[in-house]
file coords_20.csv (CSV, C-alpha atoms)
chain,number,residue,atom,x,y,z
A,1,MET,CA,374.6,-21.1,298.4
A,2,THR,CA,373.4,-21.4,294.8
A,3,THR,CA,375.6,-24.4,294.1
A,4,VAL,CA,374.6,-26.2,297.4
A,5,ALA,CA,370.9,-25.6,296.6
A,6,ALA,CA,371.4,-26.9,293.0
A,7,VAL,CA,373.0,-30.2,294.0
A,8,TYR,CA,370.4,-30.9,296.6
A,9,ALA,CA,367.5,-29.8,294.4
A,10,TYR,CA,368.7,-32.0,291.5
A,11,PHE,CA,369.0,-35.1,293.8
A,12,LEU,CA,365.6,-34.5,295.5
A,13,ILE,CA,363.5,-33.6,292.5
A,14,PHE,CA,365.1,-35.8,289.9
A,15,ALA,CA,367.0,-38.7,291.4
A,16,GLN,CA,364.3,-39.4,294.0
A,17,PHE,CA,361.2,-38.3,292.1
A,18,GLY,CA,361.3,-37.4,288.4
A,19,PHE,CA,363.5,-40.2,287.3
A,20,LEU,CA,361.5,-42.9,289.1
A,21,LYS,CA,358.3,-41.4,287.6
A,22,ALA,CA,359.8,-41.6,284.1
A,23,VAL,CA,360.9,-45.2,284.6
A,24,GLN,CA,357.5,-46.2,286.0
A,25,ALA,CA,355.6,-44.5,283.2
A,26,ALA,CA,357.7,-46.1,280.4
A,27,LEU,CA,358.4,-49.6,281.9
A,28,GLY,CA,355.8,-50.1,284.6
A,29,ALA,CA,356.2,-50.3,288.3
A,30,GLU,CA,357.6,-53.8,288.6
A,31,GLY,CA,360.3,-53.9,291.3
A,32,GLY,CA,362.3,-56.3,289.0
A,33,VAL,CA,362.9,-53.4,286.7
A,34,ILE,CA,363.3,-50.5,289.1
A,35,ARG,CA,365.7,-52.1,291.6
A,36,PRO,CA,368.5,-52.9,289.2
A,37,ILE,CA,368.2,-49.5,287.6
A,38,MET,CA,368.5,-47.8,291.0
A,39,ALA,CA,371.4,-50.1,291.9
A,40,VAL,CA,373.2,-48.8,288.9
A,41,MET,CA,372.6,-45.2,290.1
A,42,GLY,CA,374.0,-46.1,293.6
A,43,LEU,CA,377.1,-47.9,292.3
A,44,THR,CA,377.9,-45.0,289.9
A,45,GLY,CA,377.3,-42.6,292.7
A,46,VAL,CA,379.9,-44.3,294.8
A,47,ALA,CA,382.2,-44.4,291.7
A,48,GLY,CA,381.7,-40.7,291.1
A,49,SER,CA,382.5,-39.9,294.7
A,50,VAL,CA,385.7,-42.0,294.7
A,51,LEU,CA,386.7,-40.5,291.3
A,52,ALA,CA,386.2,-36.9,292.5
A,53,ALA,CA,388.3,-37.6,295.7
A,54,ARG,CA,391.1,-39.4,293.8
A,55,PHE,CA,391.6,-36.7,291.2
A,56,PHE,CA,390.7,-33.6,293.2
A,57,ALA,CA,393.0,-30.6,292.6
A,58,GLU,CA,392.3,-27.1,293.7
A,59,ASP,CA,393.1,-25.6,290.2
A,60,LYS,CA,390.8,-28.1,288.5
A,61,CYS,CA,387.9,-28.2,291.0
A,62,ARG,CA,385.6,-26.0,289.1
A,63,HIS,CA,386.1,-28.2,286.0
A,64,TRP,CA,385.2,-31.3,288.0
A,65,LEU,CA,382.2,-29.6,289.4
A,66,ALA,CA,381.1,-28.5,285.9
A,67,ALA,CA,381.6,-32.1,284.7
A,68,GLY,CA,379.4,-33.4,287.5
A,69,PHE,CA,376.6,-30.9,286.6
A,70,GLY,CA,377.0,-31.8,282.9
A,71,CYS,CA,376.4,-35.5,283.6
A,72,CYS,CA,373.4,-34.5,285.7
A,73,ALA,CA,372.0,-32.3,282.9
A,74,VAL,CA,372.5,-35.0,280.2
A,75,ALA,CA,370.7,-37.5,282.4
A,76,ALA,CA,367.7,-35.3,283.0
A,77,VAL,CA,367.4,-34.6,279.3
A,78,GLY,CA,367.8,-38.3,278.5
A,79,SER,CA,365.0,-39.2,280.8
A,80,LEU,CA,362.5,-37.1,278.8
A,81,GLY,CA,362.8,-39.5,275.9
A,82,GLY,CA,363.4,-42.8,277.7
A,83,LYS,CA,361.5,-45.8,276.2
A,84,ASN,CA,363.5,-48.9,277.1
A,85,PRO,CA,365.5,-50.3,280.0
A,86,THR,CA,368.9,-49.7,278.3
A,87,GLY,CA,368.2,-46.0,278.0
A,88,PHE,CA,367.2,-45.8,281.7
A,89,TYR,CA,370.3,-47.7,282.8
A,90,VAL,CA,372.4,-45.1,281.0
A,91,VAL,CA,370.4,-42.2,282.6
A,92,ALA,CA,370.8,-43.9,286.0
A,93,GLY,CA,374.5,-44.2,285.5
A,94,LEU,CA,374.9,-40.6,284.5
A,95,THR,CA,372.8,-39.4,287.4
A,96,GLY,CA,374.8,-41.3,290.0
A,97,LEU,CA,378.1,-40.3,288.4
A,98,GLY,CA,377.1,-36.6,288.2
A,99,VAL,CA,375.8,-36.4,291.7
A,100,GLY,CA,378.9,-38.2,293.0
A,101,LEU,CA,381.3,-35.9,291.2
A,102,ALA,CA,379.4,-32.8,292.2
A,103,THR,CA,378.8,-33.6,295.9
A,104,VAL,CA,382.4,-34.5,296.7
A,105,THR,CA,384.0,-31.8,294.7
A,106,LEU,CA,381.7,-29.1,296.2
A,107,ALA,CA,382.3,-30.4,299.7
A,108,ALA,CA,386.1,-30.2,299.2
A,109,MET,CA,386.1,-26.7,297.7
A,110,LEU,CA,383.3,-25.0,299.7
A,111,ARG,CA,385.2,-24.0,302.8
A,112,ARG,CA,388.2,-22.9,300.7
A,113,SER,CA,385.9,-20.6,298.8
A,114,VAL,CA,383.7,-19.1,301.6
A,115,GLY,CA,385.8,-19.5,304.7
A,116,ASP,CA,384.8,-20.8,308.2
A,117,GLU,CA,382.8,-18.0,309.6
A,118,SER,CA,379.7,-18.3,307.4
A,119,LEU,CA,380.0,-21.9,306.1
A,120,GLY,CA,377.1,-23.2,308.1
A,121,LYS,CA,374.8,-20.3,307.2
A,122,ILE,CA,375.5,-20.7,303.5
A,123,ILE,CA,375.0,-24.5,303.6
A,124,GLY,CA,371.8,-24.1,305.7
A,125,LEU,CA,370.3,-21.5,303.3
A,126,GLY,CA,371.2,-23.6,300.3
A,127,THR,CA,369.9,-26.8,301.8
A,128,GLY,CA,366.7,-25.1,303.0
A,129,LEU,CA,366.1,-23.5,299.6
A,130,ALA,CA,366.5,-26.8,297.8
A,131,TYR,CA,364.1,-28.6,300.1
A,132,GLY,CA,361.7,-25.7,300.1
A,133,ILE,CA,361.6,-25.3,296.3
A,134,CYS,CA,361.2,-29.1,295.8
A,135,ASN,CA,358.3,-29.2,298.2
A,136,LEU,CA,356.3,-26.3,296.6
A,137,PRO,CA,352.9,-27.2,295.2
A,138,GLY,CA,353.2,-27.7,291.4
A,139,ILE,CA,356.8,-29.0,291.7
A,140,PHE,CA,356.5,-31.7,294.3
A,141,ASP,CA,353.4,-33.2,292.7
A,142,ALA,CA,354.4,-32.4,289.0
A,143,ASN,CA,354.8,-35.0,286.3
A,144,ALA,CA,358.2,-36.5,285.4
A,145,ALA,CA,358.8,-34.2,282.5
A,146,THR,CA,358.2,-31.1,284.6
A,147,GLN,CA,360.5,-32.3,287.4
A,148,ALA,CA,363.2,-33.1,284.8
A,149,LEU,CA,363.0,-29.6,283.5
A,150,VAL,CA,363.2,-28.2,287.1
A,151,ALA,CA,366.3,-30.4,287.6
A,152,ILE,CA,367.9,-29.0,284.4
A,153,LEU,CA,367.3,-25.5,285.6
A,154,ALA,CA,368.8,-26.4,288.9
A,155,VAL,CA,372.0,-27.8,287.5
A,156,THR,CA,372.3,-24.9,285.1
A,157,ALA,CA,372.2,-22.5,288.1
A,158,GLY,CA,374.6,-24.7,289.9
A,159,TRP,CA,377.1,-24.7,287.0
A,160,ALA,CA,377.0,-20.9,286.9
A,161,GLY,CA,377.4,-20.6,290.6
A,162,GLY,CA,380.2,-23.1,290.6
A,163,TRP,CA,382.3,-21.0,288.3
A,164,ARG,CA,382.0,-18.1,290.8
A,165,LEU,CA,383.5,-20.2,293.6
A,166,ASN,CA,387.1,-19.1,294.0
A,167,PRO,CA,389.3,-21.1,296.4
A,168,ARG,CA,391.0,-18.3,298.3
A,169,PHE,CA,391.2,-19.6,301.9
A,170,PRO,CA,394.0,-22.0,302.8
A,171,PRO,CA,393.0,-25.7,302.6
A,172,GLU,CA,394.7,-26.5,305.9
A,173,GLN,CA,392.5,-26.5,308.9
A,174,LYS,CA,393.4,-26.3,312.6
A,175,ALA,CA,393.5,-29.6,314.5
A,176,ASP,CA,389.9,-30.5,315.3
A,177,GLU,CA,388.8,-33.4,317.5
A,178,GLU,CA,385.8,-34.0,315.2
A,179,TYR,CA,388.2,-35.3,312.4
A,180,SER,CA,390.3,-37.8,314.2
A,181,LYS,CA,390.1,-41.3,312.7
A,182,PRO,CA,387.9,-42.8,315.5
A,183,VAL,CA,385.5,-39.8,315.4
A,184,VAL,CA,385.2,-39.8,311.7
A,185,ALA,CA,384.2,-43.5,311.9
A,186,ALA,CA,381.7,-42.6,314.6
A,187,TRP,CA,380.2,-39.8,312.4
A,188,VAL,CA,380.0,-42.1,309.4
A,189,LEU,CA,378.1,-44.6,311.5
A,190,VAL,CA,375.7,-41.9,312.8
A,191,PHE,CA,375.0,-40.4,309.4
A,192,ALA,CA,374.5,-43.8,307.8
A,193,ALA,CA,371.9,-44.8,310.5
A,194,ILE,CA,370.1,-41.5,310.1
A,195,VAL,CA,370.0,-41.6,306.3
A,196,CYS,CA,368.8,-45.2,306.5
A,197,LEU,CA,366.0,-44.2,308.9
A,198,ASP,CA,365.1,-41.2,306.7
A,199,SER,CA,365.0,-43.3,303.5
A,200,ALA,CA,362.9,-46.0,305.1
A,201,ALA,CA,360.4,-43.5,306.5
A,202,PHE,CA,360.2,-41.7,303.2
A,203,TYR,CA,359.6,-45.0,301.3
A,204,VAL,CA,356.9,-46.0,303.7
A,205,VAL,CA,355.1,-42.7,303.5
A,206,GLN,CA,355.3,-42.6,299.7
A,207,HIS,CA,353.9,-46.1,299.3
A,208,THR,CA,351.1,-45.8,302.0
A,209,PRO,CA,348.2,-43.6,300.7
A,210,ALA,CA,346.9,-42.8,304.1
A,211,LEU,CA,350.3,-41.6,305.4
A,212,ARG,CA,351.0,-39.7,302.2
A,213,GLU,CA,347.6,-38.0,302.5
A,214,ALA,CA,348.4,-37.0,306.1
A,215,THR,CA,352.0,-35.7,305.5
A,216,TRP,CA,352.4,-34.1,302.1
A,217,THR,CA,349.2,-34.0,300.1
A,218,GLY,CA,347.5,-30.7,299.4
A,219,SER,CA,348.8,-27.3,298.5
A,220,ALA,CA,348.6,-25.8,302.0
A,221,ARG,CA,350.4,-28.7,303.6
A,222,LEU,CA,353.2,-28.7,300.9
A,223,ALA,CA,353.6,-24.9,301.3
A,224,LEU,CA,353.9,-25.4,305.1
A,225,ASN,CA,356.5,-28.2,304.6
A,226,ALA,CA,358.5,-26.0,302.3
A,227,GLY,CA,358.6,-23.1,304.8
A,228,THR,CA,359.5,-25.5,307.6
A,229,HIS,CA,362.3,-27.0,305.6
A,230,LEU,CA,363.8,-23.5,304.8
A,231,GLY,CA,363.4,-22.1,308.3
A,232,VAL,CA,364.8,-25.1,310.1
A,233,ALA,CA,367.7,-25.6,307.8
A,234,VAL,CA,368.8,-21.9,308.2
A,235,LEU,CA,368.6,-22.3,312.0
A,236,ALA,CA,370.6,-25.5,311.8
A,237,GLY,CA,373.3,-23.7,309.7
A,238,TRP,CA,373.4,-20.9,312.3
A,239,ALA,CA,373.9,-23.5,315.1
A,240,LEU,CA,376.6,-25.3,313.2
A,241,ASP,CA,378.6,-22.1,312.8
A,242,ARG,CA,378.6,-21.8,316.6
A,243,GLY,CA,380.1,-25.3,317.2
A,244,GLY,CA,376.8,-27.1,317.6
A,245,LEU,CA,377.4,-30.1,315.4
A,246,GLY,CA,376.7,-32.8,318.0
A,247,ARG,CA,373.7,-31.0,319.4
A,248,ALA,CA,372.2,-30.3,315.9
A,249,VAL,CA,372.7,-33.9,314.6
A,250,GLY,CA,371.3,-35.3,317.9
A,251,LEU,CA,368.3,-33.1,317.7
A,252,GLY,CA,367.7,-34.0,314.1
A,253,ALA,CA,368.1,-37.7,314.8
A,254,ALA,CA,365.7,-37.5,317.8
A,255,ALA,CA,363.1,-35.8,315.6
A,256,LEU,CA,363.3,-38.5,312.9
A,257,LEU,CA,363.2,-41.3,315.4
A,258,LEU,CA,360.1,-39.8,317.1
A,259,ALA,CA,358.4,-39.2,313.7
A,260,GLY,CA,359.3,-42.7,312.6
A,261,GLY,CA,357.6,-44.1,315.7
A,262,LEU,CA,354.5,-42.1,315.0
A,263,LEU,CA,354.1,-43.1,311.4
A,264,ASP,CA,351.0,-45.1,311.9
A,265,GLN,CA,347.5,-45.0,310.4
A,266,PRO,CA,346.0,-42.5,311.1
A,267,ALA,CA,349.1,-40.4,311.5
A,268,PRO,CA,349.0,-38.0,314.4
A,269,ALA,CA,348.8,-34.3,313.6
A,270,GLY,CA,352.2,-32.7,313.2
A,271,VAL,CA,354.2,-35.9,312.5
A,272,GLY,CA,354.9,-34.6,309.0
A,273,LEU,CA,356.4,-31.4,310.2
A,274,LEU,CA,358.4,-33.3,312.8
A,275,TYR,CA,359.8,-35.5,310.1
A,276,VAL,CA,360.5,-32.4,307.9
A,277,ALA,CA,362.4,-30.6,310.7
A,278,GLY,CA,364.6,-33.7,311.4
A,279,VAL,CA,365.4,-34.1,307.7
A,280,SER,CA,366.4,-30.4,307.3
A,281,ILE,CA,368.7,-30.5,310.4
A,282,TYR,CA,370.6,-33.6,309.5
A,283,SER,CA,370.8,-32.8,305.7
A,284,THR,CA,372.5,-29.5,306.6
A,285,ALA,CA,374.9,-31.3,308.9
A,286,LEU,CA,375.6,-33.9,306.2
A,287,VAL,CA,377.0,-31.2,304.0
A,288,TYR,CA,378.6,-29.2,306.7
A,289,TYR,CA,380.7,-32.0,308.3
A,290,PRO,CA,382.7,-33.1,305.3
A,291,SER,CA,382.8,-29.5,303.9
A,292,ARG,CA,384.3,-28.1,307.1
A,293,SER,CA,387.2,-30.6,306.8
A,294,GLY,CA,388.0,-29.6,303.2
A,295,ARG,CA,389.2,-33.2,302.6
A,296,PRO,CA,387.8,-34.8,299.4
A,297,GLY,CA,388.6,-38.3,300.8
A,298,LEU,CA,386.4,-37.7,303.8
A,299,ALA,CA,383.6,-36.3,301.7
A,300,ALA,CA,383.8,-39.4,299.5
A,301,LEU,CA,383.7,-41.7,302.5
A,302,VAL,CA,380.7,-39.9,304.1
A,303,TYR,CA,378.7,-39.8,300.9
A,304,ALA,CA,379.6,-43.3,299.6
A,305,VAL,CA,378.9,-45.1,302.9
A,306,ALA,CA,376.3,-42.9,304.7
A,307,GLY,CA,374.7,-41.3,301.6
A,308,TRP,CA,374.4,-44.0,298.9
A,309,GLY,CA,374.8,-47.0,301.2
A,310,GLY,CA,372.5,-45.8,303.9
A,311,SER,CA,369.8,-44.8,301.4
A,312,ALA,CA,369.9,-48.1,299.6
A,313,LEU,CA,369.7,-50.0,302.9
A,314,GLY,CA,366.8,-48.0,304.2
A,315,VAL,CA,364.7,-48.5,301.0
A,316,GLY,CA,365.5,-52.2,301.0
A,317,LEU,CA,364.5,-52.7,304.6
A,318,ALA,CA,361.3,-50.7,304.2
A,319,GLU,CA,360.1,-52.3,301.0
A,320,GLY,CA,356.6,-53.8,301.3
A,321,GLN,CA,356.1,-52.2,304.8
A,322,GLN,CA,353.3,-49.8,305.7
A,323,GLU,CA,354.9,-48.6,308.9
A,324,LEU,CA,358.3,-48.7,310.6
A,325,SER,CA,358.6,-51.5,313.1
A,326,LEU,CA,359.7,-50.7,316.6
A,327,PHE,CA,362.6,-53.1,316.1
A,328,PHE,CA,363.9,-51.1,313.1
A,329,ILE,CA,363.5,-47.7,314.9
A,330,GLY,CA,365.2,-49.1,318.0
A,331,ALA,CA,368.1,-50.5,316.0
A,332,ALA,CA,368.6,-47.2,314.2
A,333,GLY,CA,368.4,-45.3,317.5
A,334,THR,CA,370.9,-47.7,319.1
A,335,ILE,CA,373.4,-47.3,316.3
A,336,ILE,CA,373.1,-43.6,316.5
A,337,LEU,CA,373.6,-43.7,320.2
A,338,VAL,CA,376.7,-46.0,319.8
A,339,GLY,CA,378.2,-43.5,317.4
A,340,PHE,CA,377.7,-40.6,319.8
A,341,ILE,CA,379.2,-42.7,322.6
A,342,LEU,CA,382.3,-43.5,320.5
A,343,ARG,CA,382.6,-39.9,319.6
A,344,GLY,CA,382.3,-38.8,323.3
A,345,LEU,CA,384.9,-41.4,324.4
A,346,ASP,CA,387.4,-40.1,322.0
A,347,HIS,CA,386.8,-36.6,323.1
A,348,TRP,CA,387.1,-37.6,326.8
A,349,GLN,CA,390.4,-39.5,326.2
A,350,LYS,CA,391.9,-36.3,324.8
A,351,THR,CA,390.9,-34.0,327.6

call {"tool": "encode", "arguments": {"input": "coords_20.csv", "output": "structure tokens"}}
result
Amino acid sequence: MTTVAAVYAYFLIFAQFGFLKAVQAALGAEGGVIRPIMAVMGLTGVAGSVLAARFFAEDKCRHWLAAGFGCCAVAAVGSLGGKNPTGFYVVAGLTGLGVGLATVTLAAMLRRSVGDESLGKIIGLGTGLAYGICNLPGIFDANAATQALVAILAVTAGWAGGWRLNPRFPPEQKADEEYSKPVVAAWVLVFAAIVCLDSAAFYVVQHTPALREATWTGSARLALNAGTHLGVAVLAGWALDRGGLGRAVGLGAAALLLAGGLLDQPAPAGVGLLYVAGVSIYSTALVYYPSRSGRPGLAALVYAVAGWGGSALGVGLAEGQQELSLFFIGAAGTIILVGFILRGLDHWQKT
């Protein structure tokens, strides 16, 4: 739980917030500077994912996890004194590499360490805590230095928790229809579309003052968001342990699609909580699905394509927009639906 929370908290509070604030404070907000720096983070994130999968070994997994957290910590420290583009390129590279190593290694060793019965609950609690902490007043709206320090504390806790993970359950898993090649492709498609939708919605809200004011501005609203994140993620983990992967992801996708369609000015009451709930559900499933397989290659595929690729695509499509177009929402919904249809067809053919 601690290690899951640490990885998510670092990514949320530093990679998505603190690092960007540091870059903008030192270099200005010109897209010509920020885009290539973030591209470096994405490319090294993919490289770290592939590297972790290629060299994963059960007797070395805690060392790889520690290496990932080490890169993350050095990046957060380096951002505190960043003054020029070169330094921020290095920080971006270390951030992506560290997150890539940590996410894939953790996904590959988590079920081996905690077993099947409580995997979803542990992931749900860790995911909810990370989102909850990062949305607390005083952290969500803190300056770059404070968020970097929170990130350092998170990876320190994650490093300590990682050393306590002891692979003691067999890596082999019973045959599961969710992990055949066609269904894996369907799930990657679904997760990529959901991450793309989430990233686009997040970008639009962050860059539209009226929407930001209506969704996550003010201590009371941030505290409510934090509590919702935690509660919904725990419920999602509970459902996943009971075989509810398809239903959980479908519900999370529906919540995000509806929230995206309601992101208008002025935003209707409750749209922020609807968005928060959808994010918590799919984020829990995004860890659970590759973790349950115990296969590092699958984790690398999911996080490289759906995670890093989907996120970059969503931000790119949303840039300069003040709302999500119906075409974009419809396209995302169609891709998600196609993925579920492909998954269902494969299941039907095997019955």

call {"tool": "closest_residue", "arguments": {"input": "coords_20.csv", "among": "A:Gly278, A:Gly237, A:Gly218, A:Gly48", "to": "Phe140 (chain A)", "atoms": "all atoms listed in the file"}}
result
A:Gly218

call {"tool": "atom_distance", "arguments": {"input": "coords_20.csv", "atom1": "CA of Gly244 (chain A)", "atom2": "CA of Gly307 (chain A)"}}
result
21.5 Å

call {"tool": "closest_residue", "arguments": {"input": "coords_20.csv", "among": "A:Val150, A:Ile122, A:Ala312, A:Ala332", "to": "Met38 (chain A)", "atoms": "all atoms listed in the file"}}
result
A:Ala312

call {"tool": "atom_distance", "arguments": {"input": "coords_20.csv", "atom1": "CA of Val188 (chain A)", "atom2": "CA of Ala306 (chain A)"}}
result
6.0 Å

call {"tool": "residues_near_point", "arguments": {"input": "coords_20.csv", "point": "(369.6, -49.0, 295.9)", "cutoff": "10 Å", "atoms": "all atoms listed in the file", "output": "list in words"}}
result
Ile34, Arg35, Pro36, Ile37, Met38, Ala39, Val40, Met41, Gly42, Leu43, Trp308, Gly309, Gly310, Ser311, Ala312, Leu313, Gly314, Val315 and Gly316 of chain A

call {"tool": "atom_distance", "arguments": {"input": "coords_20.csv", "atom1": "CA of Ala67 (chain A)", "atom2": "CA of Tyr288 (chain A)"}}
result
22.4 Å

call {"tool": "closest_residue", "arguments": {"input": "coords_20.csv", "among": "A:Thr215, A:Ser325, A:Thr2, A:Thr105", "to": "Ala53 (chain A)", "atoms": "all atoms listed in the file"}}
result
A:Thr105
